[in-house]
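Trainee: model_25.cif (mmCIF, C-alpha atoms and all ligand atoms) pasted underneath:
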```cif
data_start
#
loop_
_atom_site.label_atom_id
_atom_site.label_comp_id
_atom_site.auth_asym_id
_atom_site.auth_seq_id
_atom_site.Cartn_x
_atom_site.Cartn_y
_atom_site.Cartn_z
CA MET E 829 -23.98 -139.77 81.76
CA THR E 830 -26.68 -137.24 82.55
CA ALA E 831 -26.38 -133.96 80.73
CA THR E 832 -25.99 -130.57 82.40
CA ILE E 833 -29.13 -128.57 81.70
CA ILE E 834 -28.41 -125.20 80.11
CA ASP E 835 -30.98 -122.94 81.75
CA GLY E 836 -32.02 -120.43 79.08
CA LYS E 837 -34.62 -118.84 81.32
CA ALA E 838 -32.01 -117.93 83.94
CA PHE E 839 -29.48 -116.91 81.28
CA ALA E 840 -32.04 -114.65 79.57
CA ALA E 841 -32.81 -112.99 82.92
CA LYS E 842 -29.08 -112.30 83.33
CA VAL E 843 -28.85 -110.80 79.82
CA ARG E 844 -31.90 -108.59 80.51
CA ALA E 845 -30.36 -107.43 83.81
CA GLU E 846 -27.13 -106.50 81.98
CA VAL E 847 -29.11 -104.64 79.31
CA ALA E 848 -31.09 -102.80 82.01
CA GLU E 849 -27.85 -101.74 83.72
CA HIS E 850 -26.47 -100.32 80.44
CA VAL E 851 -29.77 -98.58 79.72
CA ALA E 852 -29.80 -96.95 83.17
CA ARG E 853 -26.25 -95.70 82.62
CA LEU E 854 -27.06 -94.32 79.16
CA LYS E 855 -29.99 -92.43 80.66
CA GLU E 856 -28.03 -91.07 83.59
CA GLU E 857 -24.82 -90.15 81.79
CA ARG E 858 -26.11 -89.13 78.36
CA GLY E 859 -29.85 -88.61 78.67
CA LEU E 860 -30.34 -91.34 76.05
CA VAL E 861 -33.27 -93.78 76.01
CA PRO E 862 -32.95 -96.70 73.56
CA GLY E 863 -36.24 -97.18 71.68
CA LEU E 864 -37.67 -100.25 69.94
CA ALA E 865 -40.54 -100.03 67.44
CA VAL E 866 -42.49 -103.23 66.79
CA VAL E 867 -44.86 -103.40 63.82
CA LEU E 868 -47.63 -105.99 63.74
CA VAL E 869 -49.89 -106.35 60.71
CA GLY E 870 -53.08 -108.34 61.24
CA GLU E 871 -54.20 -110.59 64.06
CA ASN E 872 -52.11 -113.76 63.95
CA PRO E 873 -52.63 -115.06 67.52
CA ALA E 874 -49.04 -116.32 67.99
CA SER E 875 -47.67 -113.00 66.68
CA GLN E 876 -49.92 -111.06 69.06
CA VAL E 877 -48.50 -113.02 72.01
CA TYR E 878 -44.89 -112.41 70.87
CA VAL E 879 -45.46 -108.70 70.27
CA LYS E 880 -47.07 -108.24 73.70
CA SER E 881 -44.16 -110.01 75.35
CA LYS E 882 -41.60 -107.95 73.41
CA GLY E 883 -43.30 -104.68 74.43
CA LYS E 884 -43.48 -105.70 78.10
CA GLN E 885 -39.83 -106.76 78.31
CA THR E 886 -38.68 -103.63 76.44
CA VAL E 887 -40.31 -101.42 79.07
CA GLU E 888 -39.00 -103.62 81.91
CA VAL E 889 -35.36 -102.96 80.92
CA GLY E 890 -36.04 -99.20 80.80
CA MET E 891 -36.27 -98.76 77.03
CA ALA E 892 -39.01 -96.96 75.11
CA SER E 893 -41.46 -99.25 73.33
CA PHE E 894 -43.38 -98.09 70.26
CA GLU E 895 -46.08 -100.51 69.10
CA HIS E 896 -47.70 -100.11 65.69
CA LYS E 897 -50.67 -102.42 65.14
CA LEU E 898 -52.00 -102.23 61.61
CA ASP E 899 -55.10 -103.72 59.97
CA ARG E 900 -54.76 -107.03 58.20
CA ASP E 901 -55.50 -105.35 54.86
CA THR E 902 -52.96 -102.52 55.23
CA SER E 903 -51.46 -101.68 51.84
CA GLU E 904 -47.78 -102.20 51.09
CA ALA E 905 -47.43 -98.46 50.40
CA ASP E 906 -48.80 -97.59 53.87
CA LEU E 907 -46.52 -100.13 55.58
CA LEU E 908 -43.46 -98.84 53.69
CA ALA E 909 -44.42 -95.26 54.60
CA LEU E 910 -44.53 -96.23 58.29
CA ILE E 911 -41.08 -97.85 58.02
CA ASP E 912 -39.76 -94.67 56.37
CA ARG E 913 -41.08 -92.62 59.31
CA LEU E 914 -39.50 -94.99 61.85
CA ASN E 915 -36.20 -94.95 59.93
CA ALA E 916 -36.18 -91.15 60.22
CA ASP E 917 -37.24 -91.01 63.90
CA PRO E 918 -34.22 -90.40 66.19
CA ALA E 919 -36.10 -91.84 69.21
CA VAL E 920 -36.31 -95.22 67.42
CA HIS E 921 -33.07 -97.24 67.46
CA GLY E 922 -34.53 -100.62 66.59
CA ILE E 923 -37.34 -101.64 64.21
CA LEU E 924 -38.92 -105.07 64.09
CA VAL E 925 -41.66 -106.08 61.66
CA GLN E 926 -43.30 -109.18 63.07
CA LEU E 927 -43.40 -112.09 60.63
CA PRO E 928 -45.24 -113.72 58.99
CA LEU E 929 -46.87 -110.83 57.16
CA PRO E 930 -50.28 -111.28 55.46
CA SER E 931 -49.80 -112.86 52.03
CA HIS E 932 -50.52 -109.67 49.99
CA LEU E 933 -47.38 -108.05 51.46
CA ASN E 934 -43.88 -108.77 50.13
CA SER E 935 -41.83 -109.60 53.24
CA GLU E 936 -38.46 -109.19 51.52
CA LEU E 937 -39.35 -105.75 50.19
CA VAL E 938 -40.66 -104.67 53.59
CA ILE E 939 -37.68 -105.99 55.59
CA ASN E 940 -35.20 -104.47 53.15
CA ARG E 941 -36.86 -101.05 53.58
CA ILE E 942 -35.70 -100.97 57.25
CA ASP E 943 -32.53 -98.93 57.84
CA PRO E 944 -29.92 -101.72 58.30
CA ALA E 945 -28.56 -99.89 61.37
CA LYS E 946 -32.03 -100.22 62.97
CA ASP E 947 -32.66 -103.79 61.76
CA VAL E 948 -32.54 -105.46 65.20
CA ASP E 949 -33.79 -108.75 63.68
CA GLY E 950 -30.70 -108.88 61.44
CA PHE E 951 -32.86 -109.89 58.46
CA HIS E 952 -31.95 -107.02 56.06
CA ILE E 953 -29.91 -108.20 53.10
CA SER E 954 -27.06 -105.83 54.12
CA ASN E 955 -26.82 -107.42 57.56
CA VAL E 956 -26.94 -110.90 56.06
CA GLY E 957 -24.03 -109.93 53.78
CA LEU E 958 -22.05 -108.29 56.56
CA LEU E 959 -22.42 -111.38 58.78
CA GLY E 960 -21.47 -113.66 55.88
CA THR E 961 -18.28 -111.71 55.30
CA GLY E 962 -17.37 -111.48 58.99
CA GLN E 963 -18.06 -107.75 59.27
CA LYS E 964 -19.87 -105.90 62.04
CA SER E 965 -23.63 -106.37 61.57
CA MET E 966 -26.91 -106.77 63.40
CA VAL E 967 -27.17 -110.50 64.16
CA PRO E 968 -30.49 -112.44 64.20
CA CYS E 969 -31.67 -112.83 67.79
CA THR E 970 -32.19 -116.60 68.12
CA PRO E 971 -28.75 -117.64 66.80
CA LEU E 972 -27.14 -114.84 68.84
CA GLY E 973 -28.80 -116.29 71.95
CA CYS E 974 -27.52 -119.79 71.08
CA LEU E 975 -23.99 -118.41 70.58
CA MET E 976 -24.09 -116.63 73.95
CA MET E 977 -25.12 -119.85 75.72
CA LEU E 978 -22.40 -121.85 73.94
CA ARG E 979 -19.69 -119.31 74.79
CA ASP E 980 -20.89 -119.23 78.38
CA HIS E 981 -20.77 -123.01 78.65
CA HIS E 982 -17.54 -123.70 76.75
CA GLY E 983 -15.53 -120.49 76.80
CA LYS E 984 -13.73 -120.59 73.44
CA LEU E 985 -15.37 -122.66 70.68
CA ALA E 986 -12.37 -122.75 68.31
CA GLY E 987 -11.71 -126.11 66.68
CA MET E 988 -14.98 -127.69 67.80
CA GLU E 989 -17.01 -129.73 65.32
CA ALA E 990 -20.42 -128.05 64.96
CA VAL E 991 -23.41 -129.46 63.10
CA VAL E 992 -26.42 -127.22 62.47
CA VAL E 993 -29.52 -129.13 61.41
CA GLY E 994 -31.76 -126.68 59.54
CA ARG E 995 -31.05 -124.15 56.80
CA SER E 996 -33.50 -121.32 57.44
CA ASN E 997 -32.51 -117.70 56.93
CA ILE E 998 -33.66 -116.89 60.47
CA VAL E 999 -31.74 -119.58 62.38
CA GLY E 1000 -29.77 -122.25 60.49
CA LYS E 1001 -27.73 -120.12 58.09
CA PRO E 1002 -26.82 -117.28 60.51
CA MET E 1003 -26.08 -119.84 63.25
CA ALA E 1004 -23.57 -121.56 60.95
CA GLN E 1005 -21.96 -118.17 60.13
CA LEU E 1006 -21.61 -117.33 63.81
CA LEU E 1007 -20.05 -120.69 64.67
CA LEU E 1008 -17.67 -120.27 61.75
CA GLY E 1009 -16.82 -116.81 63.09
CA ASP E 1010 -15.83 -118.49 66.37
CA SER E 1011 -13.59 -120.91 64.40
CA CYS E 1012 -15.72 -124.05 64.65
CA THR E 1013 -15.67 -126.61 61.83
CA VAL E 1014 -19.24 -126.21 60.62
CA THR E 1015 -21.62 -128.50 58.74
CA ILE E 1016 -25.11 -127.38 57.74
CA ALA E 1017 -27.37 -130.40 57.50
CA HIS E 1018 -31.10 -130.59 56.80
CA SER E 1019 -34.02 -132.93 56.24
CA ARG E 1020 -32.60 -134.08 52.87
CA THR E 1021 -29.06 -134.78 54.18
CA LYS E 1022 -27.93 -138.36 53.54
CA ASP E 1023 -27.09 -140.36 56.68
CA LEU E 1024 -28.20 -137.48 58.90
CA GLY E 1025 -27.62 -139.61 62.00
CA GLU E 1026 -23.97 -140.18 61.03
CA VAL E 1027 -23.49 -136.45 60.41
CA CYS E 1028 -25.05 -135.53 63.76
CA ARG E 1029 -22.87 -138.05 65.60
CA ARG E 1030 -19.78 -136.08 64.51
CA ALA E 1031 -20.91 -133.00 66.40
CA ASP E 1032 -19.30 -131.61 69.55
CA ILE E 1033 -21.98 -128.91 69.19
CA LEU E 1034 -25.31 -130.00 67.74
CA VAL E 1035 -27.83 -127.24 66.95
CA ALA E 1036 -31.28 -128.49 65.98
CA ALA E 1037 -33.45 -126.00 64.09
CA VAL E 1038 -35.66 -127.98 61.72
CA GLY E 1039 -39.11 -127.47 63.25
CA ARG E 1040 -39.97 -131.16 63.40
CA PRO E 1041 -40.99 -132.52 66.79
CA GLU E 1042 -38.36 -134.83 68.34
CA MET E 1043 -36.82 -135.61 64.97
CA ILE E 1044 -33.34 -136.13 66.44
CA PRO E 1045 -33.14 -139.25 68.63
CA GLY E 1046 -30.67 -139.73 71.48
CA ASP E 1047 -28.51 -142.16 69.51
CA TRP E 1048 -27.65 -139.38 67.00
CA VAL E 1049 -25.91 -137.49 69.81
CA LYS E 1050 -22.17 -138.00 70.38
CA PRO E 1051 -21.45 -138.80 74.04
CA GLY E 1052 -20.55 -135.58 75.85
CA ALA E 1053 -21.78 -133.27 73.05
CA THR E 1054 -23.57 -129.98 73.69
CA VAL E 1055 -27.09 -129.98 72.26
CA ILE E 1056 -28.87 -126.70 71.50
CA ASP E 1057 -32.51 -127.33 70.65
CA VAL E 1058 -34.12 -124.39 68.85
CA GLY E 1059 -37.38 -126.23 68.07
CA ILE E 1060 -40.64 -125.26 69.73
CA ASN E 1061 -43.32 -127.69 68.55
CA ARG E 1062 -46.78 -128.08 70.04
CA ILE E 1063 -47.93 -131.72 70.03
CA GLU E 1064 -50.56 -133.80 71.75
CA ARG E 1065 -49.22 -136.39 74.21
CA ASP E 1066 -51.34 -138.53 76.51
CA GLY E 1067 -54.35 -136.36 75.62
CA LYS E 1068 -52.55 -133.13 76.56
CA GLN E 1069 -51.00 -130.32 74.51
CA VAL E 1070 -47.27 -130.15 75.26
CA LEU E 1071 -44.27 -128.28 73.86
CA VAL E 1072 -41.36 -130.36 72.58
CA GLY E 1073 -38.17 -129.52 70.76
CA ASP E 1074 -36.60 -130.95 67.60
CA VAL E 1075 -34.58 -133.34 69.78
CA ASP E 1076 -35.85 -136.29 71.81
CA TYR E 1077 -34.92 -134.64 75.11
CA ALA E 1078 -35.14 -137.70 77.37
CA GLY E 1079 -32.99 -139.80 75.02
CA ALA E 1080 -30.45 -137.06 74.29
CA ALA E 1081 -30.05 -136.01 77.94
CA LYS E 1082 -28.71 -139.51 78.73
CA VAL E 1083 -25.85 -139.09 76.25
CA ALA E 1084 -25.12 -135.38 75.90
CA GLY E 1085 -22.71 -133.40 78.06
CA ALA E 1086 -25.09 -130.44 78.10
CA ILE E 1087 -28.52 -129.72 76.64
CA THR E 1088 -31.10 -126.94 76.43
CA PRO E 1089 -34.61 -127.97 77.51
CA VAL E 1090 -37.87 -127.05 75.71
CA PRO E 1091 -39.44 -124.92 77.06
CA GLY E 1092 -36.92 -122.85 79.04
CA GLY E 1093 -33.89 -123.21 76.78
CA VAL E 1094 -33.33 -121.18 73.62
CA GLY E 1095 -36.86 -119.64 73.62
CA PRO E 1096 -36.37 -116.99 76.35
CA MET E 1097 -33.02 -115.95 74.85
CA THR E 1098 -34.62 -114.62 71.65
CA ILE E 1099 -36.33 -111.57 73.19
CA ALA E 1100 -33.35 -111.00 75.55
CA CYS E 1101 -31.14 -110.74 72.45
CA LEU E 1102 -33.64 -108.45 70.73
CA LEU E 1103 -33.19 -106.07 73.68
CA ALA E 1104 -29.40 -106.52 73.49
CA ASN E 1105 -29.49 -105.68 69.76
CA THR E 1106 -31.60 -102.57 70.42
CA LEU E 1107 -29.04 -101.42 72.99
CA THR E 1108 -26.21 -102.12 70.53
CA ALA E 1109 -28.02 -100.16 67.79
CA CYS E 1110 -28.49 -97.21 70.17
CA CYS E 1111 -24.79 -97.24 71.15
CA ARG E 1112 -23.68 -97.39 67.49
CA ALA E 1113 -26.08 -94.60 66.48
CA ASN E 1114 -24.52 -92.37 69.13
CA GLY E 1115 -20.88 -93.28 68.47
CA LEU E 1116 -20.56 -95.05 71.85
CA PRO E 1117 -18.70 -98.30 72.58
CA GLU E 1118 -20.82 -101.43 72.18
CA PRO E 1119 -21.93 -103.30 75.30
CA GLU E 1120 -19.43 -106.10 75.98
CA GLY E 1121 -20.68 -109.68 75.93
CA LEU E 1122 -24.00 -108.72 74.31
CA THR E 1123 -22.89 -108.84 70.67
CA ALA E 1124 -21.39 -111.45 68.39
N1 LIG X 1 -41.73 -114.34 63.83
C1 LIG X 1 -41.26 -115.42 64.47
N2 LIG X 1 -40.00 -115.20 64.91
C2 LIG X 1 -39.69 -113.95 64.53
C3 LIG X 1 -38.53 -113.13 64.71
O1 LIG X 1 -37.52 -113.53 65.29
N3 LIG X 1 -38.61 -111.88 64.18
C4 LIG X 1 -39.70 -111.43 63.53
N4 LIG X 1 -39.67 -110.19 63.04
N5 LIG X 1 -40.79 -112.16 63.36
C5 LIG X 1 -40.78 -113.41 63.86
#
```
For this file, write the structure as structure tokens.

Mentor:
Amino acid sequence: MTATIIDGKAFAAKVRAEVAEHVARLKEERGLVPGLAVVLVGENPASQVYVKSKGKQTVEVGMASFEHKLDRDTSEADLLALIDRLNADPAVHGILVQLPLPSHLNSELVINRIDPAKDVDGFHISNVGLLGTGQKSMVPCTPLGCLMMLRDHHGKLAGMEAVVVGRSNIVGKPMAQLLLGDSCTVTIAHSRTKDLGEVCRRADILVAAVGRPEMIPGDWVKPGATVIDVGINRIERDGKQVLVGDVDYAGAAKVAGAITPVPGGVGPMTIACLLANTLTACCRANGLPEPEGLTA
């Protein structure tokens, strides 16, 4: 068997086009422009690349982008004051504080200062609680993107056996909640799980989010399973820098029914879902119906 490749790049382009259509309609019919504020503290090179890309794509779908670049040694009080101003600004519907923050800043305190209704990352403790109890929330972008791809590929997910490898607050835990919300039977496994291979082989849906290059070999994949590889790991191979996922792609693609490649799988969906969340936040703030197919 050779797996169907789930093309995240194409899917993300489709999501962005849908968001852009909604944004154009909001502008025309209501004079509303969804706005996303991105806050970057310091000069982490990877963060700078992400923030630039977020700003560019925000403008491309017709939204307003507000970038706040602060010095590395910005005080916690100044950062919290900025968040307070953004919380109060009616032109700002979504706020994202790029992580990691410099070590003198308390990330939890900072994230929990964001108005939960504007927390387009879905990291605020209120949103985590709402998702965990199956209530309407803002959902973290990467797991939301994975869910969209799975629903698109399978239709209904009810009754499927899902294994999530990885227990981070950003991906593993919310991913498991979302799959549970779609009535999958969900296992959260991790690097300390006993007989991890056996556990993975149970999965109809295998989501890998451990951040270890090619940790999951092809023979851990059940024949016909859908593999969602969240990992983006830079390694050296044959003297060249390459990006690989958490799954051995070549091995898994021989066994799986469908698989996301790295790059071009889950990666592009994250920013597309950030834009979808900003649109959702804008609709909610204005008492309008939420965009269909762009939420959990
Ligand atoms: N840093 C790496 N990924 C993310 C993300 O999804 N959101 C934020 N705020 N920071 C990140």

Trainee: In Å to one decimal, how far is atom CA of Leu924 of chain E from atom CA of Ala874 of chain E?

Mentor: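 Interatomic distance here is 15.6 Å.
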
Trainee: Using only C-alpha atoms and all ligand atoms, which residues of the polymer chains come no farther than 7 Å from ligand LIG 1 (chain X)? I'd like the answer as a list of chain:residue names.

Mentor: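 The residues within 7 Å of ligand LIG 1 (chain X), counting only C-alpha atoms and all ligand atoms, are E:Ser875, E:Leu924, E:Val925, E:Gln926, E:Leu927, E:Pro928, E:Asp949, E:Cys969, E:Thr970.
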
Trainee: Dump as a Markdown table the rows for residues of segment 871-966 of chain E within 8 Å of segment 983-1004 of chain E: closest atom pair and distance in Å with one decimal, all atoms listed in the file counted, ordered by chain and rising residue number.

Mentor:
```
| residue | atom | partner | partner_atom | distance |
| --- | --- | --- | --- | --- |
| E:Phe951 | CA | E:Ile998 | CA | 7.3 |
| E:Val956 | CA | E:Pro1002 | CA | 7.8 |
| E:Leu959 | CA | E:Pro1002 | CA | 7.6 |
| E:Gly960 | CA | E:Pro1002 | CA | 7.9 |
```

Trainee: Looking at all atoms listed in the file, which of E:Pro971, E:Pro1096, E:Gly859, E:Gly1052 is the one that sits closest to Ser881 of chain E?

Mentor: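 Selected residue with least distance to Ser881 of chain E: E:Pro1096.
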
Trainee: In Å, how far is it from atom CA of Val1072 of chain E to atom CA of Glu871 of chain E?

Mentor: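 Calculated distance between atom CA of Val1072 of chain E and atom CA of Glu871 of chain E is 25.1 Å.
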
Trainee: For Arg900 of chain E, which of E:Pro930, E:Gly1085, E:Gly1009, E:Gly870 is the closest residue, counting all atoms listed in the file?

Mentor: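 Answer, going by the shortest atom-to-atom distance: E:Gly870.
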
Trainee: Which neighbours of Ala848 of chain E fall inside 8 Å, counting all atoms listed in the file, when residues of the same chain fewer than 3 positions from it are skipped, and could you give them as a ChimeraX atom specification?

Mentor: /E:844-845,851-852,888-890

Trainee: Just write the chosen residues, C-alpha atoms, as an mmCIF file, in the coordinates of the input.

Mentor:
```cif
data_model
loop_
_atom_site.group_PDB
_atom_site.id
_atom_site.type_symbol
_atom_site.label_atom_id
_atom_site.label_comp_id
_atom_site.auth_asym_id
_atom_site.auth_seq_id
_atom_site.Cartn_x
_atom_site.Cartn_y
_atom_site.Cartn_z
ATOM 1 C CA ARG E 844 -31.900 -108.590 80.510
ATOM 2 C CA ALA E 845 -30.360 -107.430 83.810
ATOM 3 C CA VAL E 851 -29.770 -98.580 79.720
ATOM 4 C CA ALA E 852 -29.800 -96.950 83.170
ATOM 5 C CA GLU E 888 -39.000 -103.620 81.910
ATOM 6 C CA VAL E 889 -35.360 -102.960 80.920
ATOM 7 C CA GLY E 890 -36.040 -99.200 80.800
#
```

Trainee: Do you have the atom CA of Asn934 of chain E-atom CA of Val967 of chain E distance handy?

Mentor: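 Answer for the atom CA of Asn934 of chain E to atom CA of Val967 of chain E separation: 21.9 Å.
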
Trainee: For Ala1109 of chain E, which residue among E:Arg1029, E:His921, E:Arg979, E:Arg1020 is the nearest when counting all atoms listed in the file?

Mentor: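 Of E:Arg1029, E:His921, E:Arg979, E:Arg1020, the one nearest Ala1109 of chain E is E:His921, counting all atoms listed in the file.
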
Trainee: With all atoms listed in the file as the counted atoms, please give the residues lying no more than 12 Å from Gln963 of chain E, apart from itself and same-chain residues fewer than 5 positions off, as number ranges by chain.

Mentor: E: 954-958, 1005-1006, 1009, 1124

Trainee: Between E:Leu1034, E:Ala1017, E:Thr830, E:Met976, which one has atoms that come closest to Gly1121 of chain E, using all atoms listed in the file?

Mentor: E:Met976

Trainee: So, counting all atoms listed in the file, which residue among E:Leu972, E:Val948, E:Ala909, E:Ala1100 is closest to Lys837 of chain E?

Mentor: E:Ala1100

Trainee: May I have the residues within 10 Å of Ala831 of chain E as a VMD selection string, using only C-alpha atoms and disregarding those fewer than 2 positions away in the same chain?

Mentor: chain E and resid 829 833 to 834 1051 to 1055 1080 to 1088

Trainee: Mind checking which residues fall within 9 Å of Glu1042 of chain E, counting only C-alpha atoms, ignoring those fewer than 4 positions away in the same chain, and posting them as a ChimeraX atom specification?

Mentor: /E:1059,1061,1072-1077

Trainee: Mind working out the centre and edge lengths of an axis-aligned box for segment 1060-1076 of chain E, all listed atoms inside, 5 Å added to each side, rounded to one decimal in Å and written as JSON?

Mentor:
```
{"center_x": -44.5, "center_y": -131.9, "center_z": 72.1, "size_x": 29.8, "size_y": 23.3, "size_z": 19.0}
```

Trainee: I need the residue nearest His932 of chain E from this list: E:Ile911, E:Val877, E:Val869, E:Ala1078. Use only C-alpha atoms for the distance.

Mentor: E:Val869

Trainee: Just want the 8 Å neighbourhood of Ile939 of chain E, counted on all atoms listed in the file, with same-chain residues fewer than 2 positions away dropped. Output as a VMD selection string.

Mentor: chain E and resid 925 935 to 937 941 to 942 951 to 952

Trainee: Please complete segment 869-893 of chain E so it has N, CA and C atoms, and hand it over as a JSON list (two decimals), keeping the file's coordinate frame.

Mentor:
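File part.json, as written:
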```json
[["chain", "number", "residue", "atom", "x", "y", "z"],
["E", 869, "VAL", "N", -48.81, -106.51, 61.69],
["E", 869, "VAL", "CA", -49.89, -106.35, 60.71],
["E", 869, "VAL", "C", -50.83, -107.55, 60.85],
["E", 870, "GLY", "N", -52.10, -107.27, 61.15],
["E", 870, "GLY", "CA", -53.08, -108.34, 61.24],
["E", 870, "GLY", "C", -53.18, -108.90, 62.64],
["E", 871, "GLU", "N", -53.84, -110.07, 62.74],
["E", 871, "GLU", "CA", -54.20, -110.59, 64.06],
["E", 871, "GLU", "C", -53.76, -112.02, 64.29],
["E", 872, "ASN", "N", -52.63, -112.42, 63.70],
["E", 872, "ASN", "CA", -52.11, -113.76, 63.95],
["E", 872, "ASN", "C", -51.94, -113.95, 65.46],
["E", 873, "PRO", "N", -52.64, -114.95, 66.05],
["E", 873, "PRO", "CA", -52.63, -115.06, 67.52],
["E", 873, "PRO", "C", -51.22, -115.25, 68.10],
["E", 874, "ALA", "N", -50.40, -116.09, 67.46],
["E", 874, "ALA", "CA", -49.04, -116.32, 67.99],
["E", 874, "ALA", "C", -48.24, -115.01, 67.93],
["E", 875, "SER", "N", -48.39, -114.27, 66.82],
["E", 875, "SER", "CA", -47.67, -113.00, 66.68],
["E", 875, "SER", "C", -48.11, -112.00, 67.74],
["E", 876, "GLN", "N", -49.42, -111.98, 68.03],
["E", 876, "GLN", "CA", -49.92, -111.06, 69.06],
["E", 876, "GLN", "C", -49.28, -111.35, 70.41],
["E", 877, "VAL", "N", -49.12, -112.64, 70.74],
["E", 877, "VAL", "CA", -48.50, -113.02, 72.01],
["E", 877, "VAL", "C", -47.04, -112.56, 72.04],
["E", 878, "TYR", "N", -46.30, -112.81, 70.94],
["E", 878, "TYR", "CA", -44.89, -112.41, 70.87],
["E", 878, "TYR", "C", -44.74, -110.90, 71.03],
["E", 879, "VAL", "N", -45.58, -110.17, 70.29],
["E", 879, "VAL", "CA", -45.46, -108.70, 70.27],
["E", 879, "VAL", "C", -45.74, -108.13, 71.66],
["E", 880, "LYS", "N", -46.74, -108.69, 72.34],
["E", 880, "LYS", "CA", -47.07, -108.24, 73.70],
["E", 880, "LYS", "C", -45.87, -108.47, 74.62],
["E", 881, "SER", "N", -45.30, -109.65, 74.51],
["E", 881, "SER", "CA", -44.16, -110.01, 75.35],
["E", 881, "SER", "C", -42.95, -109.11, 75.06],
["E", 882, "LYS", "N", -42.72, -108.83, 73.80],
["E", 882, "LYS", "CA", -41.60, -107.95, 73.41],
["E", 882, "LYS", "C", -41.79, -106.57, 74.02],
["E", 883, "GLY", "N", -43.01, -106.02, 73.91],
["E", 883, "GLY", "CA", -43.30, -104.68, 74.43],
["E", 883, "GLY", "C", -43.09, -104.63, 75.94],
["E", 884, "LYS", "N", -43.58, -105.65, 76.63],
["E", 884, "LYS", "CA", -43.48, -105.70, 78.10],
["E", 884, "LYS", "C", -42.01, -105.74, 78.53],
["E", 885, "GLN", "N", -41.24, -106.61, 77.89],
["E", 885, "GLN", "CA", -39.83, -106.76, 78.31],
["E", 885, "GLN", "C", -39.00, -105.53, 77.93],
["E", 886, "THR", "N", -39.38, -104.86, 76.84],
["E", 886, "THR", "CA", -38.68, -103.63, 76.44],
["E", 886, "THR", "C", -38.83, -102.58, 77.54],
["E", 887, "VAL", "N", -40.05, -102.41, 78.02],
["E", 887, "VAL", "CA", -40.31, -101.42, 79.07],
["E", 887, "VAL", "C", -39.61, -101.83, 80.37],
["E", 888, "GLU", "N", -39.62, -103.13, 80.67],
["E", 888, "GLU", "CA", -39.00, -103.62, 81.91],
["E", 888, "GLU", "C", -37.50, -103.32, 82.00],
["E", 889, "VAL", "N", -36.80, -103.28, 80.86],
["E", 889, "VAL", "CA", -35.36, -102.96, 80.92],
["E", 889, "VAL", "C", -35.11, -101.45, 80.79],
["E", 890, "GLY", "N", -36.19, -100.66, 80.78],
["E", 890, "GLY", "CA", -36.04, -99.20, 80.80],
["E", 890, "GLY", "C", -36.00, -98.55, 79.43],
["E", 891, "MET", "N", -36.28, -99.33, 78.38],
["E", 891, "MET", "CA", -36.27, -98.76, 77.03],
["E", 891, "MET", "C", -37.67, -98.23, 76.68],
["E", 892, "ALA", "N", -37.72, -97.43, 75.61],
["E", 892, "ALA", "CA", -39.01, -96.96, 75.11],
["E", 892, "ALA", "C", -39.54, -97.97, 74.10],
["E", 893, "SER", "N", -40.83, -98.29, 74.24],
["E", 893, "SER", "CA", -41.46, -99.25, 73.33],
["E", 893, "SER", "C", -42.51, -98.52, 72.49]]
```
